[in-house]
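Reproduced below: query04.tsv, with TSV, N, CA and C atoms.
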chain	number	residue	atom	x	y	z
J	1	MET	N	15.61	4.38	-8.28
J	1	MET	CA	14.89	3.58	-7.31
J	1	MET	C	15.91	3.04	-6.30
J	2	PRO	N	15.65	3.23	-5.00
J	2	PRO	CA	16.60	2.75	-4.02
J	2	PRO	C	16.60	1.23	-3.97
J	3	THR	N	17.74	0.69	-3.59
J	3	THR	CA	17.83	-0.75	-3.44
J	3	THR	C	17.81	-1.09	-1.97
J	4	LYS	N	17.61	-2.36	-1.68
J	4	LYS	CA	17.52	-2.80	-0.29
J	4	LYS	C	18.80	-2.48	0.47
J	5	LYS	N	19.96	-2.52	-0.20
J	5	LYS	CA	21.23	-2.26	0.45
J	5	LYS	C	21.34	-0.83	0.93
J	6	GLN	N	20.64	0.11	0.31
J	6	GLN	CA	20.70	1.51	0.71
J	6	GLN	C	19.79	1.79	1.90
J	7	THR	N	18.90	0.91	2.22
J	7	THR	CA	17.99	1.11	3.33
J	7	THR	C	18.68	0.70	4.62
J	8	THR	N	18.48	1.50	5.66
J	8	THR	CA	19.10	1.18	6.95
J	8	THR	C	18.04	1.16	8.04
J	9	GLY	N	18.44	0.73	9.21
J	9	GLY	CA	17.56	0.76	10.37
J	9	GLY	C	16.51	-0.32	10.35
J	10	PRO	N	15.36	-0.04	11.01
J	10	PRO	CA	14.33	-1.06	11.14
J	10	PRO	C	13.72	-1.51	9.81
J	11	ILE	N	13.68	-0.62	8.84
J	11	ILE	CA	13.13	-1.01	7.53
J	11	ILE	C	14.03	-2.06	6.89
J	12	ALA	N	15.35	-1.88	6.99
J	12	ALA	CA	16.29	-2.86	6.44
J	12	ALA	C	16.13	-4.21	7.14
J	13	LEU	N	15.94	-4.19	8.46
J	13	LEU	CA	15.71	-5.43	9.20
J	13	LEU	C	14.46	-6.14	8.71
J	14	PHE	N	13.39	-5.37	8.50
J	14	PHE	CA	12.12	-5.92	8.03
J	14	PHE	C	12.26	-6.52	6.63
J	15	LEU	N	12.93	-5.79	5.75
J	15	LEU	CA	13.12	-6.29	4.37
J	15	LEU	C	13.95	-7.57	4.37
J	16	ASP	N	14.96	-7.61	5.23
J	16	ASP	CA	15.76	-8.82	5.34
J	16	ASP	C	14.92	-9.99	5.87
J	17	TYR	N	14.05	-9.71	6.84
J	17	TYR	CA	13.14	-10.72	7.37
J	17	TYR	C	12.22	-11.24	6.26
J	18	LEU	N	11.68	-10.34	5.45
J	18	LEU	CA	10.78	-10.75	4.37
J	18	LEU	C	11.50	-11.66	3.37
J	19	GLN	N	12.75	-11.33	3.09
J	19	GLN	CA	13.48	-12.08	2.08
J	19	GLN	C	14.02	-13.40	2.64
J	20	THR	N	14.55	-13.38	3.86
J	20	THR	CA	15.19	-14.60	4.37
J	20	THR	C	14.23	-15.51	5.13
J	21	GLN	N	13.38	-14.96	5.97
J	21	GLN	CA	12.50	-15.78	6.79
J	21	GLN	C	11.21	-16.15	6.05
J	22	ARG	N	10.59	-15.17	5.43
J	22	ARG	CA	9.33	-15.43	4.73
J	22	ARG	C	9.56	-15.85	3.29
J	23	ARG	N	10.78	-15.66	2.81
J	23	ARG	CA	11.19	-16.08	1.47
J	23	ARG	C	10.29	-15.50	0.36
J	24	LEU	N	9.98	-14.22	0.50
J	24	LEU	CA	9.19	-13.54	-0.52
J	24	LEU	C	10.07	-13.23	-1.72
J	25	SER	N	9.44	-13.07	-2.86
J	25	SER	CA	10.20	-12.79	-4.09
J	25	SER	C	10.85	-11.41	-3.99
J	26	GLU	N	11.86	-11.22	-4.82
J	26	GLU	CA	12.58	-9.95	-4.85
J	26	GLU	C	11.64	-8.80	-5.22
J	27	HIS	N	10.71	-9.05	-6.15
J	27	HIS	CA	9.77	-8.01	-6.57
J	27	HIS	C	8.85	-7.61	-5.41
J	28	THR	N	8.42	-8.58	-4.64
J	28	THR	CA	7.55	-8.28	-3.50
J	28	THR	C	8.31	-7.48	-2.45
J	29	VAL	N	9.54	-7.86	-2.19
J	29	VAL	CA	10.36	-7.13	-1.21
J	29	VAL	C	10.60	-5.70	-1.69
J	30	MET	N	10.84	-5.53	-2.98
J	30	MET	CA	11.03	-4.18	-3.52
J	30	MET	C	9.77	-3.34	-3.41
J	31	ALA	N	8.60	-3.98	-3.58
J	31	ALA	CA	7.33	-3.25	-3.42
J	31	ALA	C	7.17	-2.81	-1.97
J	32	TYR	N	7.49	-3.69	-1.02
J	32	TYR	CA	7.45	-3.30	0.39
J	32	TYR	C	8.40	-2.13	0.64
J	33	GLN	N	9.57	-2.19	0.05
J	33	GLN	CA	10.54	-1.12	0.26
J	33	GLN	C	10.02	0.22	-0.27
J	34	ARG	N	9.43	0.20	-1.47
J	34	ARG	CA	8.88	1.45	-2.03
J	34	ARG	C	7.81	2.01	-1.10
J	35	ASP	N	6.94	1.14	-0.61
J	35	ASP	CA	5.86	1.60	0.26
J	35	ASP	C	6.39	2.13	1.58
J	36	LEU	N	7.35	1.43	2.16
J	36	LEU	CA	7.89	1.86	3.45
J	36	LEU	C	8.78	3.09	3.32
J	37	THR	N	9.34	3.31	2.14
J	37	THR	CA	10.10	4.54	1.91
J	37	THR	C	9.17	5.74	1.97
J	38	LYS	N	7.94	5.57	1.50
J	38	LYS	CA	6.94	6.65	1.60
J	38	LYS	C	6.64	6.94	3.07
J	39	LEU	N	6.51	5.89	3.88
J	39	LEU	CA	6.27	6.08	5.31
J	39	LEU	C	7.45	6.76	5.97
J	40	GLU	N	8.65	6.35	5.63
J	40	GLU	CA	9.86	6.94	6.22
J	40	GLU	C	9.96	8.42	5.86
J	41	ALA	N	9.64	8.78	4.61
J	41	ALA	CA	9.66	10.19	4.20
J	41	ALA	C	8.62	10.99	4.97
J	42	PHE	N	7.45	10.40	5.19
J	42	PHE	CA	6.39	11.06	5.97
J	42	PHE	C	6.88	11.35	7.38
J	43	VAL	N	7.51	10.37	8.01
J	43	VAL	CA	7.99	10.52	9.38
J	43	VAL	C	9.13	11.53	9.44
J	44	ASP	N	10.02	11.50	8.45
J	44	ASP	CA	11.17	12.41	8.43
J	44	ASP	C	10.75	13.87	8.32
J	45	LYS	N	9.61	14.13	7.70
J	45	LYS	CA	9.15	15.52	7.54
J	45	LYS	C	8.62	16.11	8.85
J	46	ARG	N	8.31	15.25	9.81
J	46	ARG	CA	7.79	15.73	11.09
J	46	ARG	C	8.91	15.78	12.11
J	47	ASN	N	9.06	16.94	12.75
J	47	ASN	CA	10.13	17.13	13.73
J	47	ASN	C	9.94	16.22	14.93
J	48	GLU	N	11.05	15.71	15.43
J	48	GLU	CA	11.08	14.89	16.65
J	48	GLU	C	10.16	13.68	16.58
J	49	LEU	N	10.00	13.12	15.41
J	49	LEU	CA	9.16	11.94	15.24
J	49	LEU	C	10.01	10.85	14.60
J	50	THR	N	9.89	9.64	15.12
J	50	THR	CA	10.59	8.50	14.55
J	50	THR	C	9.58	7.40	14.26
J	51	LEU	N	10.02	6.38	13.55
J	51	LEU	CA	9.14	5.26	13.25
J	51	LEU	C	8.64	4.59	14.53
J	52	SER	N	9.47	4.58	15.57
J	52	SER	CA	9.06	3.90	16.82
J	52	SER	C	8.18	4.78	17.70
J	53	THR	N	8.12	6.09	17.43
J	53	THR	CA	7.29	6.97	18.25
J	53	THR	C	6.04	7.47	17.52
J	54	LEU	N	5.80	6.97	16.34
J	54	LEU	CA	4.63	7.39	15.57
J	54	LEU	C	3.35	7.00	16.30
J	55	SER	N	2.45	7.95	16.48
J	55	SER	CA	1.19	7.68	17.18
J	55	SER	C	0.07	7.39	16.18
J	56	ALA	N	-1.03	6.87	16.68
J	56	ALA	CA	-2.18	6.57	15.82
J	56	ALA	C	-2.73	7.85	15.20
J	57	LYS	N	-2.72	8.94	15.96
J	57	LYS	CA	-3.22	10.22	15.45
J	57	LYS	C	-2.37	10.68	14.25
J	58	GLU	N	-1.06	10.57	14.39
J	58	GLU	CA	-0.17	10.98	13.29
J	58	GLU	C	-0.28	10.00	12.12
J	59	ALA	N	-0.48	8.72	12.43
J	59	ALA	CA	-0.60	7.71	11.37
J	59	ALA	C	-1.82	7.96	10.50
J	60	ARG	N	-2.88	8.53	11.07
J	60	ARG	CA	-4.08	8.82	10.28
J	60	ARG	C	-3.84	9.92	9.25
J	61	LEU	N	-2.81	10.73	9.48
J	61	LEU	CA	-2.47	11.78	8.52
J	61	LEU	C	-1.76	11.21	7.28
J	62	PHE	N	-1.14	10.05	7.45
J	62	PHE	CA	-0.35	9.46	6.37
J	62	PHE	C	-1.19	9.15	5.12
J	63	PRO	N	-2.31	8.44	5.22
J	63	PRO	CA	-3.08	8.19	3.99
J	63	PRO	C	-3.65	9.48	3.39
J	64	ALA	N	-3.92	10.46	4.23
J	64	ALA	CA	-4.41	11.75	3.70
J	64	ALA	C	-3.34	12.40	2.84
J	65	GLN	N	-2.10	12.31	3.29
J	65	GLN	CA	-1.00	12.87	2.51
J	65	GLN	C	-0.81	12.10	1.21
J	66	LEU	N	-0.91	10.78	1.27
J	66	LEU	CA	-0.78	9.97	0.05
J	66	LEU	C	-1.88	10.32	-0.95
J	67	HIS	N	-3.09	10.52	-0.43
J	67	HIS	CA	-4.21	10.90	-1.30
J	67	HIS	C	-3.95	12.27	-1.94
J	68	ALA	N	-3.41	13.20	-1.16
J	68	ALA	CA	-3.11	14.53	-1.68
J	68	ALA	C	-2.02	14.46	-2.75
J	69	GLN	N	-1.15	13.45	-2.67
J	69	GLN	CA	-0.11	13.27	-3.68
J	69	GLN	C	-0.63	12.61	-4.94
J	70	GLY	N	-1.90	12.19	-4.93
J	70	GLY	CA	-2.51	11.63	-6.12
J	70	GLY	C	-2.54	10.11	-6.18
J	71	LEU	N	-2.20	9.42	-5.11
J	71	LEU	CA	-2.27	7.95	-5.12
J	71	LEU	C	-3.73	7.50	-5.11
J	72	SER	N	-3.99	6.42	-5.79
J	72	SER	CA	-5.35	5.88	-5.84
J	72	SER	C	-5.69	5.19	-4.52
J	73	GLY	N	-6.95	4.91	-4.32
J	73	GLY	CA	-7.39	4.22	-3.12
J	73	GLY	C	-6.73	2.86	-2.97
J	74	ARG	N	-6.58	2.13	-4.07
J	74	ARG	CA	-5.93	0.80	-4.02
J	74	ARG	C	-4.47	0.92	-3.63
J	75	SER	N	-3.79	1.91	-4.16
J	75	SER	CA	-2.37	2.10	-3.82
J	75	SER	C	-2.21	2.47	-2.35
J	76	ILE	N	-3.10	3.31	-1.86
J	76	ILE	CA	-3.05	3.68	-0.45
J	76	ILE	C	-3.32	2.46	0.43
J	77	GLN	N	-4.26	1.62	0.03
J	77	GLN	CA	-4.52	0.39	0.78
J	77	GLN	C	-3.28	-0.49	0.84
J	78	ARG	N	-2.57	-0.59	-0.28
J	78	ARG	CA	-1.35	-1.41	-0.31
J	78	ARG	C	-0.27	-0.85	0.61
J	79	VAL	N	-0.09	0.48	0.58
J	79	VAL	CA	0.92	1.12	1.44
J	79	VAL	C	0.56	0.91	2.91
J	80	LEU	N	-0.71	1.06	3.26
J	80	LEU	CA	-1.13	0.86	4.65
J	80	LEU	C	-0.96	-0.59	5.08
J	81	SER	N	-1.19	-1.52	4.18
J	81	SER	CA	-0.98	-2.93	4.49
J	81	SER	C	0.50	-3.19	4.78
J	82	ALA	N	1.39	-2.59	4.00
J	82	ALA	CA	2.83	-2.73	4.24
J	82	ALA	C	3.20	-2.12	5.59
J	83	ALA	N	2.61	-0.96	5.91
J	83	ALA	CA	2.91	-0.31	7.19
J	83	ALA	C	2.43	-1.16	8.37
J	84	ARG	N	1.25	-1.76	8.25
J	84	ARG	CA	0.74	-2.63	9.32
J	84	ARG	C	1.66	-3.83	9.53
J	85	SER	N	2.08	-4.45	8.43
J	85	SER	CA	2.98	-5.59	8.52
J	85	SER	C	4.31	-5.19	9.14
J	86	PHE	N	4.82	-4.04	8.75
J	86	PHE	CA	6.07	-3.52	9.29
J	86	PHE	C	5.97	-3.33	10.81
J	87	TYR	N	4.88	-2.73	11.26
J	87	TYR	CA	4.74	-2.48	12.70
J	87	TYR	C	4.47	-3.77	13.47
J	88	ARG	N	3.82	-4.76	12.87
J	88	ARG	CA	3.69	-6.06	13.54
J	88	ARG	C	5.08	-6.67	13.76
J	89	PHE	N	5.94	-6.52	12.76
J	89	PHE	CA	7.32	-7.00	12.88
J	89	PHE	C	8.05	-6.24	13.98
J	90	LEU	N	7.92	-4.91	13.98
J	90	LEU	CA	8.60	-4.11	15.01
J	90	LEU	C	8.14	-4.50	16.41
J	91	MET	N	6.87	-4.76	16.58
J	91	MET	CA	6.35	-5.16	17.89
J	91	MET	C	6.92	-6.53	18.29
J	92	ARG	N	6.96	-7.46	17.36
J	92	ARG	CA	7.53	-8.78	17.65
J	92	ARG	C	8.99	-8.69	18.07
J	93	GLU	N	9.71	-7.75	17.44
J	93	GLU	CA	11.13	-7.59	17.74
J	93	GLU	C	11.38	-6.67	18.94
J	94	GLY	N	10.32	-6.11	19.51
J	94	GLY	CA	10.46	-5.22	20.65
J	94	GLY	C	10.94	-3.82	20.30
J	95	LEU	N	10.77	-3.42	19.04
J	95	LEU	CA	11.22	-2.10	18.59
J	95	LEU	C	10.10	-1.07	18.58
J	96	ALA	N	8.87	-1.50	18.82
J	96	ALA	CA	7.72	-0.58	18.89
J	96	ALA	C	6.76	-1.12	19.94
J	97	GLN	N	6.06	-0.20	20.58
J	97	GLN	CA	5.12	-0.59	21.63
J	97	GLN	C	3.73	-0.93	21.10
J	98	ASN	N	3.36	-0.30	20.01
J	98	ASN	CA	2.03	-0.54	19.43
J	98	ASN	C	2.08	-0.37	17.92
J	99	ASN	N	0.99	-0.73	17.27
J	99	ASN	CA	0.87	-0.58	15.83
J	99	ASN	C	-0.06	0.59	15.56
J	100	PRO	N	0.48	1.76	15.21
J	100	PRO	CA	-0.36	2.94	15.01
J	100	PRO	C	-1.29	2.82	13.81
J	101	PHE	N	-1.08	1.84	12.95
J	101	PHE	CA	-1.88	1.71	11.74
J	101	PHE	C	-3.03	0.72	11.88
J	102	ASN	N	-3.22	0.14	13.05
J	102	ASN	CA	-4.28	-0.85	13.23
J	102	ASN	C	-5.67	-0.30	12.87
J	103	ASP	N	-5.97	0.91	13.26
J	103	ASP	CA	-7.31	1.46	13.03
J	103	ASP	C	-7.35	2.48	11.90
J	104	VAL	N	-6.29	2.58	11.12
J	104	VAL	CA	-6.25	3.54	10.02
J	104	VAL	C	-6.87	2.89	8.79
J	105	ARG	N	-7.81	3.58	8.20
J	105	ARG	CA	-8.51	3.06	7.02
J	105	ARG	C	-8.17	3.91	5.80
J	106	ALA	N	-8.02	3.23	4.70
J	106	ALA	CA	-7.75	3.92	3.43
J	106	ALA	C	-9.07	4.29	2.78
J	107	PRO	N	-9.03	5.26	1.88
J	107	PRO	CA	-10.25	5.56	1.13
J	107	PRO	C	-10.65	4.35	0.30
J	108	LYS	N	-11.93	4.18	0.10
J	108	LYS	CA	-12.41	3.07	-0.70
J	108	LYS	C	-11.98	3.27	-2.15
J	109	PRO	N	-11.59	2.18	-2.80
J	109	PRO	CA	-11.22	2.32	-4.22
J	109	PRO	C	-12.45	2.64	-5.06
J	110	GLU	N	-12.20	3.31	-6.16
J	110	GLU	CA	-13.30	3.66	-7.06
J	110	GLU	C	-13.90	2.39	-7.65
J	111	LYS	N	-15.21	2.39	-7.75
J	111	LYS	CA	-15.89	1.26	-8.40
J	111	LYS	C	-15.98	1.56	-9.88
J	112	LYS	N	-15.51	0.60	-10.66
J	112	LYS	CA	-15.55	0.79	-12.10
J	112	LYS	C	-16.91	0.35	-12.62
J	113	LEU	N	-17.47	1.16	-13.50
J	113	LEU	CA	-18.74	0.82	-14.12
J	113	LEU	C	-18.50	-0.18	-15.25
J	114	PRO	N	-19.46	-1.05	-15.48
J	114	PRO	CA	-19.28	-2.00	-16.59
J	114	PRO	C	-19.32	-1.28	-17.93
J	115	ASN	N	-18.63	-1.85	-18.89
J	115	ASN	CA	-18.66	-1.28	-20.24
J	115	ASN	C	-20.03	-1.54	-20.86
J	116	THR	N	-20.47	-0.61	-21.64
J	116	THR	CA	-21.77	-0.76	-22.29
J	116	THR	C	-21.56	-1.04	-23.78
J	117	LEU	N	-22.57	-1.64	-24.38
J	117	LEU	CA	-22.53	-1.91	-25.82
J	117	LEU	C	-22.97	-0.66	-26.57
J	118	ASN	N	-22.28	-0.40	-27.66
J	118	ASN	CA	-22.75	0.72	-28.48
J	118	ASN	C	-23.89	0.22	-29.36
J	119	ILE	N	-24.58	1.11	-30.01
J	119	ILE	CA	-25.79	0.78	-30.76
J	119	ILE	C	-25.48	-0.18	-31.92
J	120	THR	N	-24.32	-0.04	-32.54
J	120	THR	CA	-23.96	-0.91	-33.66
J	120	THR	C	-23.83	-2.36	-33.21
J	121	LEU	N	-23.15	-2.58	-32.07
J	121	LEU	CA	-23.01	-3.94	-31.54
J	121	LEU	C	-24.36	-4.53	-31.13
J	122	CYS	N	-25.22	-3.71	-30.54
J	122	CYS	CA	-26.55	-4.19	-30.16
J	122	CYS	C	-27.33	-4.66	-31.38
J	123	LEU	N	-27.32	-3.85	-32.42
J	123	LEU	CA	-28.04	-4.22	-33.64
J	123	LEU	C	-27.44	-5.47	-34.28
J	124	THR	N	-26.11	-5.59	-34.25
J	124	THR	CA	-25.45	-6.76	-34.81
J	124	THR	C	-25.89	-8.02	-34.07
J	125	TYR	N	-25.91	-7.99	-32.75
J	125	TYR	CA	-26.33	-9.15	-31.97
J	125	TYR	C	-27.79	-9.50	-32.25
J	126	ILE	N	-28.62	-8.49	-32.39
J	126	ILE	CA	-30.03	-8.76	-32.67
J	126	ILE	C	-30.19	-9.41	-34.04
J	127	VAL	N	-29.48	-8.88	-35.03
J	127	VAL	CA	-29.57	-9.45	-36.40
J	127	VAL	C	-29.09	-10.89	-36.39
J	128	PHE	N	-27.95	-11.16	-35.74
J	128	PHE	CA	-27.43	-12.52	-35.70
J	128	PHE	C	-28.38	-13.48	-34.94
J	129	SER	N	-29.03	-12.99	-33.90
J	129	SER	CA	-29.95	-13.85	-33.17
J	129	SER	C	-31.20	-14.15	-34.01
J	130	LEU	N	-31.63	-13.16	-34.82
J	130	LEU	CA	-32.78	-13.41	-35.69
J	130	LEU	C	-32.42	-14.38	-36.81
J	131	ILE	N	-31.22	-14.27	-37.33
J	131	ILE	CA	-30.80	-15.17	-38.40
J	131	ILE	C	-30.66	-16.60	-37.86
J	132	ALA	N	-30.17	-16.73	-36.65
J	132	ALA	CA	-29.94	-18.05	-36.06
J	132	ALA	C	-31.23	-18.76	-35.75
J	133	THR	N	-32.32	-18.06	-35.60
J	133	THR	CA	-33.58	-18.72	-35.27
J	133	THR	C	-34.44	-19.00	-36.44

Please, can you express the file's structure as structure tokens?
Amino acid sequence: MPTKKQTTGPIALFLDYLQTQRRLSEHTVMAYQRDLTKLEAFVDKRNELTLSTLSAKEARLFPAQLHAQGLSGRSIQRVLSAARSFYRFLMREGLAQNNPFNDVRAPKPEKKLPNTLNITLCLTYIVFSLIAT
């Protein structure tokens, strides 16, 4: 797992901002780093593309790639949230002109169905309720 010291460029500036200015915990900063490393790898795979030149059209491909890699909807939402925060920082610092992730939506997380009672538990509850009355 990479450490913050191995990160360079705008991501390192952002992580330093999170730790020193916003005073986030080390675990939170490491989570941001893991998520932004995924974004950096995505950008590095595309020729002549940098974090500061990423367009909204290209940014929409990012969650699709994460989904293809098997990330869940919740994980993709977290990564996109980190990317939005990163680009807000870049815009404040004058390192980016816009936030390409503003209109990018992650897939909805799966809705978990409630657990059901098996027949034995149902009968047990019925027997206990009859005894109690």

For stretch 64-67 of chain J, please output as JSON, numbers by chain all residues within 12 Å (counting only C-alpha atoms; exclusion window: fewer than 3 positions along the same chain).
{"J": [35, 38, 39, 41, 42, 43, 45, 57, 58, 59, 60, 61, 70, 71, 72, 73, 74, 75, 76, 77, 78, 79, 80, 104, 105, 106, 107, 108, 109]}

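The residue that comes closest to J:Phe14, out of J:Leu130, J:Ala31, J:Leu54, J:Leu90 and on the basis of only N, CA and C atoms, is J:Leu90.
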
Do you have the atom CA of J:Ala82-atom CA of J:Gln33 distance handy?
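It comes out at 8.8 Å.
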
Mind pulling up the distance from atom CA of J:Gln21 to atom CA of J:Arg92?
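Result for atom CA of J:Arg92 versus atom CA of J:Gln21: 13.8 Å, one decimal.
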
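Between atom N of J:Val29 and atom CA of J:Leu15 lies a distance of 7.6 Å.
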
Where does DSSP see alpha helix (DSSP H) in stretch 24-129 of chain J, if you list the residues as a PyMOL selection string?
chain J and resi 26-44+56-59+61-68+73-92+119-129

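The shortest atom-to-atom distance to J:Met30, with only C-alpha atoms taken into account, belongs to J:Leu18 out of J:Ile131, J:Leu18, J:Leu51, J:Leu95.
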
Among listed residues J:Thr28, J:Asn118, J:Ser129, J:Ser52, nearest J:Gln97 (using all atoms listed in the file)
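Counting all atoms listed in the file, the residue closest to J:Gln97 is J:Ser52.
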
Could stretch 74-88 of chain J be written out with N, CA and C atoms, as an mmCIF file, in the first residue's frame, please?
data_model
loop_
_atom_site.group_PDB
_atom_site.id
_atom_site.type_symbol
_atom_site.label_atom_id
_atom_site.label_comp_id
_atom_site.auth_asym_id
_atom_site.auth_seq_id
_atom_site.Cartn_x
_atom_site.Cartn_y
_atom_site.Cartn_z
ATOM 1 N N ARG J 74 -21.406 1.298 -3.711
ATOM 2 C CA ARG J 74 -20.997 2.149 -2.573
ATOM 3 C C ARG J 74 -19.538 2.554 -2.681
ATOM 4 N N SER J 75 -18.692 1.626 -3.088
ATOM 5 C CA SER J 75 -17.270 1.942 -3.235
ATOM 6 C C SER J 75 -17.053 2.967 -4.342
ATOM 7 N N ILE J 76 -17.779 2.811 -5.431
ATOM 8 C CA ILE J 76 -17.668 3.771 -6.530
ATOM 9 C C ILE J 76 -18.148 5.145 -6.079
ATOM 10 N N GLN J 77 -19.218 5.193 -5.300
ATOM 11 C CA GLN J 77 -19.697 6.470 -4.770
ATOM 12 C C GLN J 77 -18.632 7.135 -3.911
ATOM 13 N N ARG J 78 -17.940 6.349 -3.093
ATOM 14 C CA ARG J 78 -16.889 6.902 -2.240
ATOM 15 C C ARG J 78 -15.727 7.452 -3.065
ATOM 16 N N VAL J 79 -15.313 6.706 -4.104
ATOM 17 C CA VAL J 79 -14.217 7.155 -4.958
ATOM 18 C C VAL J 79 -14.606 8.449 -5.681
ATOM 19 N N LEU J 80 -15.834 8.519 -6.181
ATOM 20 C CA LEU J 80 -16.283 9.737 -6.866
ATOM 21 C C LEU J 80 -16.371 10.919 -5.908
ATOM 22 N N SER J 81 -16.761 10.673 -4.677
ATOM 23 C CA SER J 81 -16.796 11.734 -3.683
ATOM 24 C C SER J 81 -15.389 12.273 -3.430
ATOM 25 N N ALA J 82 -14.410 11.390 -3.344
ATOM 26 C CA ALA J 82 -13.012 11.811 -3.164
ATOM 27 C C ALA J 82 -12.544 12.612 -4.373
ATOM 28 N N ALA J 83 -12.922 12.172 -5.576
ATOM 29 C CA ALA J 83 -12.518 12.892 -6.795
ATOM 30 C C ALA J 83 -13.142 14.287 -6.838
ATOM 31 N N ARG J 84 -14.413 14.407 -6.449
ATOM 32 C CA ARG J 84 -15.064 15.725 -6.427
ATOM 33 C C ARG J 84 -14.374 16.659 -5.439
ATOM 34 N N SER J 85 -14.067 16.141 -4.261
ATOM 35 C CA SER J 85 -13.379 16.946 -3.253
ATOM 36 C C SER J 85 -11.995 17.367 -3.743
ATOM 37 N N PHE J 86 -11.295 16.455 -4.384
ATOM 38 C CA PHE J 86 -9.972 16.741 -4.932
ATOM 39 C C PHE J 86 -10.043 17.865 -5.962
ATOM 40 N N TYR J 87 -11.010 17.790 -6.858
ATOM 41 C CA TYR J 87 -11.116 18.822 -7.899
ATOM 42 C C TYR J 87 -11.604 20.157 -7.332
ATOM 43 N N ARG J 88 -12.416 20.146 -6.287
ATOM 44 C CA ARG J 88 -12.769 21.411 -5.625
ATOM 45 C C ARG J 88 -11.516 22.077 -5.062
#
